[in-house]
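Here is query-v3.txt, consisting of compact mmCIF, C-alpha atoms and all ligand atoms:
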```txt
# COMPACT_ATOMS: atom_id res chain seq x y z
CA MET A 1 -11.49 7.01 -30.82
CA ALA A 2 -12.24 9.97 -28.59
CA ILE A 3 -13.12 8.99 -25.03
CA ARG A 4 -14.91 11.44 -22.76
CA ILE A 5 -13.04 12.02 -19.50
CA CYS A 6 -14.93 14.68 -17.57
CA ALA A 7 -16.15 18.26 -17.67
CA LEU A 8 -13.34 20.79 -17.95
CA ASP A 9 -14.51 22.42 -14.71
CA ASP A 10 -14.03 19.14 -12.85
CA LEU A 11 -10.27 19.30 -13.36
CA LYS A 12 -8.86 22.40 -11.71
CA PRO A 13 -5.68 24.09 -12.96
CA GLY A 14 -2.59 22.57 -11.35
CA LYS A 15 -4.31 19.22 -10.72
CA ALA A 16 -4.14 15.78 -12.27
CA LEU A 17 -6.74 13.05 -12.43
CA ARG A 18 -6.20 9.31 -12.73
CA VAL A 19 -8.63 7.65 -15.12
CA LYS A 20 -8.81 4.03 -16.19
CA ILE A 21 -9.61 3.04 -19.72
CA GLY A 22 -10.01 -0.71 -19.52
CA ASP A 23 -7.05 -1.75 -17.38
CA HIS A 24 -4.82 1.09 -18.60
CA ALA A 25 -4.50 4.12 -16.31
CA LEU A 26 -3.94 7.59 -17.75
CA ALA A 27 -3.07 10.81 -15.97
CA ILE A 28 -5.15 13.73 -17.23
CA VAL A 29 -3.32 16.90 -16.26
CA ARG A 30 -4.48 20.50 -16.16
CA THR A 31 -1.56 22.88 -16.11
CA PRO A 32 -1.61 25.98 -13.89
CA SER A 33 -2.29 28.03 -17.04
CA GLY A 34 -5.24 25.82 -17.94
CA ASP A 35 -4.02 23.54 -20.76
CA VAL A 36 -5.04 19.89 -20.59
CA LYS A 37 -2.56 17.07 -21.29
CA ALA A 38 -2.79 13.29 -21.12
CA LEU A 39 -0.08 10.72 -20.50
CA ASP A 40 0.38 7.27 -19.00
CA ASP A 41 -0.25 7.37 -15.28
CA LYS A 42 2.44 4.87 -14.31
CA CYS A 43 5.86 6.38 -13.78
CA SER A 44 8.44 4.68 -16.00
CA HIS A 45 10.69 4.28 -12.96
CA GLY A 46 8.30 2.39 -10.66
CA GLU A 47 4.77 1.54 -9.64
CA ILE A 48 3.81 5.10 -8.82
CA SER A 49 0.86 7.08 -10.08
CA LEU A 50 2.07 10.25 -11.80
CA SER A 51 -1.33 11.86 -11.22
CA GLU A 52 -0.36 12.04 -7.51
CA GLY A 53 2.66 14.13 -8.45
CA PHE A 54 3.35 17.82 -8.91
CA VAL A 55 2.22 19.71 -11.99
CA ASP A 56 3.60 22.83 -13.62
CA ASP A 57 3.00 24.26 -17.08
CA LYS A 58 5.49 21.94 -18.80
CA THR A 59 6.03 18.94 -16.54
CA ILE A 60 4.67 16.49 -14.04
CA GLU A 61 6.99 15.34 -11.29
CA CYS A 62 6.78 11.89 -9.73
CA TRP A 63 6.50 12.31 -5.96
CA ALA A 64 8.47 9.13 -5.23
CA HIS A 65 11.96 10.00 -6.49
CA GLY A 66 11.48 13.29 -8.27
CA ALA A 67 11.68 12.32 -11.97
CA LYS A 68 10.07 15.00 -14.14
CA PHE A 69 8.28 14.16 -17.39
CA GLU A 70 7.59 16.63 -20.16
CA LEU A 71 3.81 16.88 -20.57
CA ASP A 72 3.92 17.35 -24.36
CA THR A 73 6.20 14.41 -25.16
CA GLY A 74 6.33 12.15 -22.07
CA LYS A 75 10.13 12.39 -22.11
CA PRO A 76 11.88 12.19 -18.77
CA LEU A 77 13.77 15.40 -18.08
CA SER A 78 15.50 14.17 -14.95
CA LEU A 79 16.73 10.97 -13.38
CA PRO A 80 16.04 8.44 -12.00
CA ALA A 81 13.56 7.85 -14.87
CA TYR A 82 15.15 7.38 -18.27
CA GLU A 83 12.28 5.81 -20.24
CA PRO A 84 9.50 8.01 -21.62
CA VAL A 85 5.81 7.55 -20.87
CA ALA A 86 3.24 7.62 -23.67
CA THR A 87 1.24 10.78 -24.32
CA TYR A 88 -2.24 11.11 -25.82
CA GLU A 89 -4.00 13.78 -27.81
CA VAL A 90 -6.56 15.82 -25.85
CA LEU A 91 -9.64 17.41 -27.38
CA ILE A 92 -11.83 19.96 -25.64
CA GLU A 93 -15.38 20.18 -26.97
CA ASN A 94 -18.25 22.03 -25.34
CA ASP A 95 -16.19 22.34 -22.14
CA GLU A 96 -15.73 18.59 -21.96
CA ILE A 97 -12.36 16.81 -22.01
CA PHE A 98 -11.83 13.95 -24.48
CA VAL A 99 -8.73 11.84 -25.05
CA GLU A 100 -7.87 10.23 -28.35
CA TYR A 101 -7.23 6.61 -27.39
CA GLU A 102 -6.83 3.34 -29.29
CA ASP A 103 -6.72 -0.04 -27.59
S1 LIG A 201 8.88 5.80 -9.15
FE1 LIG A 201 8.75 7.69 -10.22
S2 LIG A 201 10.74 8.54 -10.00
FE2 LIG A 201 10.89 6.62 -9.00
```
What is this structure when it is put down as structure tokens?
Ligand code: FES
Amino acid sequence: MAIRICALDDLKPGKALRVKIGDHALAIVRTPSGDVKALDDKCSHGEISLSEGFVDDKTIECWAHGAKFELDTGKPLSLPAYEPVATYEVLIENDEIFVEYED
């Protein structure tokens, strides 16, 4: 089902937001060029919140040890992470961000 996250204007380009759906945390990412992506917030390498990392148009980088994850697929592009993180479909309707999420 589609879950409303926030207004598009509340997530500035180049920023990421940590949101909890139940006890599962997602990182909602707005790329510098304005696209919105969603992926698991927990880095696959450790207990670090990816939404506190660094965002570019294609990746988010964990601040702890520098693993980069591809925003479209969740695949790690650099060590020390080697497991992917899950990604979620994002819908924008009436300038609101929704994420397609199933429990
Ligand atoms: S905890 Fe993210 S790269 Fe190590």
* **Close residues, stretch 60-77 of chain A itself excluded, 12 Å, all atoms listed in the file, min 4 positions apart in chain, as a VMD selection string** => chain A and resid 14 to 16 27 to 32 35 to 56 81 to 90
Across A:Met1, A:Val19, A:Ala7, A:Leu79, the smallest distance to ligand LIG 201 (chain A), with all atoms listed in the file counted, is shown by A:Leu79
For ligand LIG 201 (chain A), take all atoms listed in the file, fit an axis-aligned box around them, add 3 Å to each of the six sides, then output centre and edge lengths in Å rounded to one decimal, as JSON.
```
{"center_x": 9.8, "center_y": 7.2, "center_z": -9.6, "size_x": 8.1, "size_y": 8.7, "size_z": 7.2}
```
One number please: atom CA of A:Tyr101 to atom FE2 of ligand LIG 201 (chain A), in Å, one decimal.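 It comes out at 25.8 Å.
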Neighbouring residues of stretch 21-23 of chain A were defined as those with any atom within 10 Å, considering only C-alpha atoms; residues of the same chain fewer than 6 positions away were excluded. Please report them as a list in words.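 These residues fall inside the cut-off: Ile3, Ile5, Tyr101, Glu102 and Asp103 of chain A.
Going from atom CA of A:Asp10 over to atom CA of A:Thr59, you cover 20.4 Å.
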TODO: Record the distance separating atom CA of A:Ala2 and atom CA of A:Leu17, expressed in Å with one decimal.
DONE: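 One can read the atom CA of A:Ala2 to atom CA of A:Leu17 distance as 17.3 Å.
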For ligand LIG 201 (chain A), the nearest of the candidates A:Phe98, A:Leu91, A:Ala25, A:Ser78, counting all atoms listed in the file: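 Ranking A:Phe98, A:Leu91, A:Ala25, A:Ser78 by distance to ligand LIG 201 (chain A), first place goes to A:Ser78.
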Restricting to only C-alpha atoms, whichever of A:Arg18, A:Asp57, A:His24, A:Gly34 is closest to A:Ile92 is A:Gly34
- Item | Of the listed residues A:Lys20, A:Pro80, A:Leu11, A:Lys58, that which approaches ligand LIG 201 (chain A) most closely, counting only C-alpha atoms and all ligand atoms |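 Of A:Lys20, A:Pro80, A:Leu11, A:Lys58, the one nearest ligand LIG 201 (chain A), counting only C-alpha atoms and all ligand atoms, is A:Pro80.
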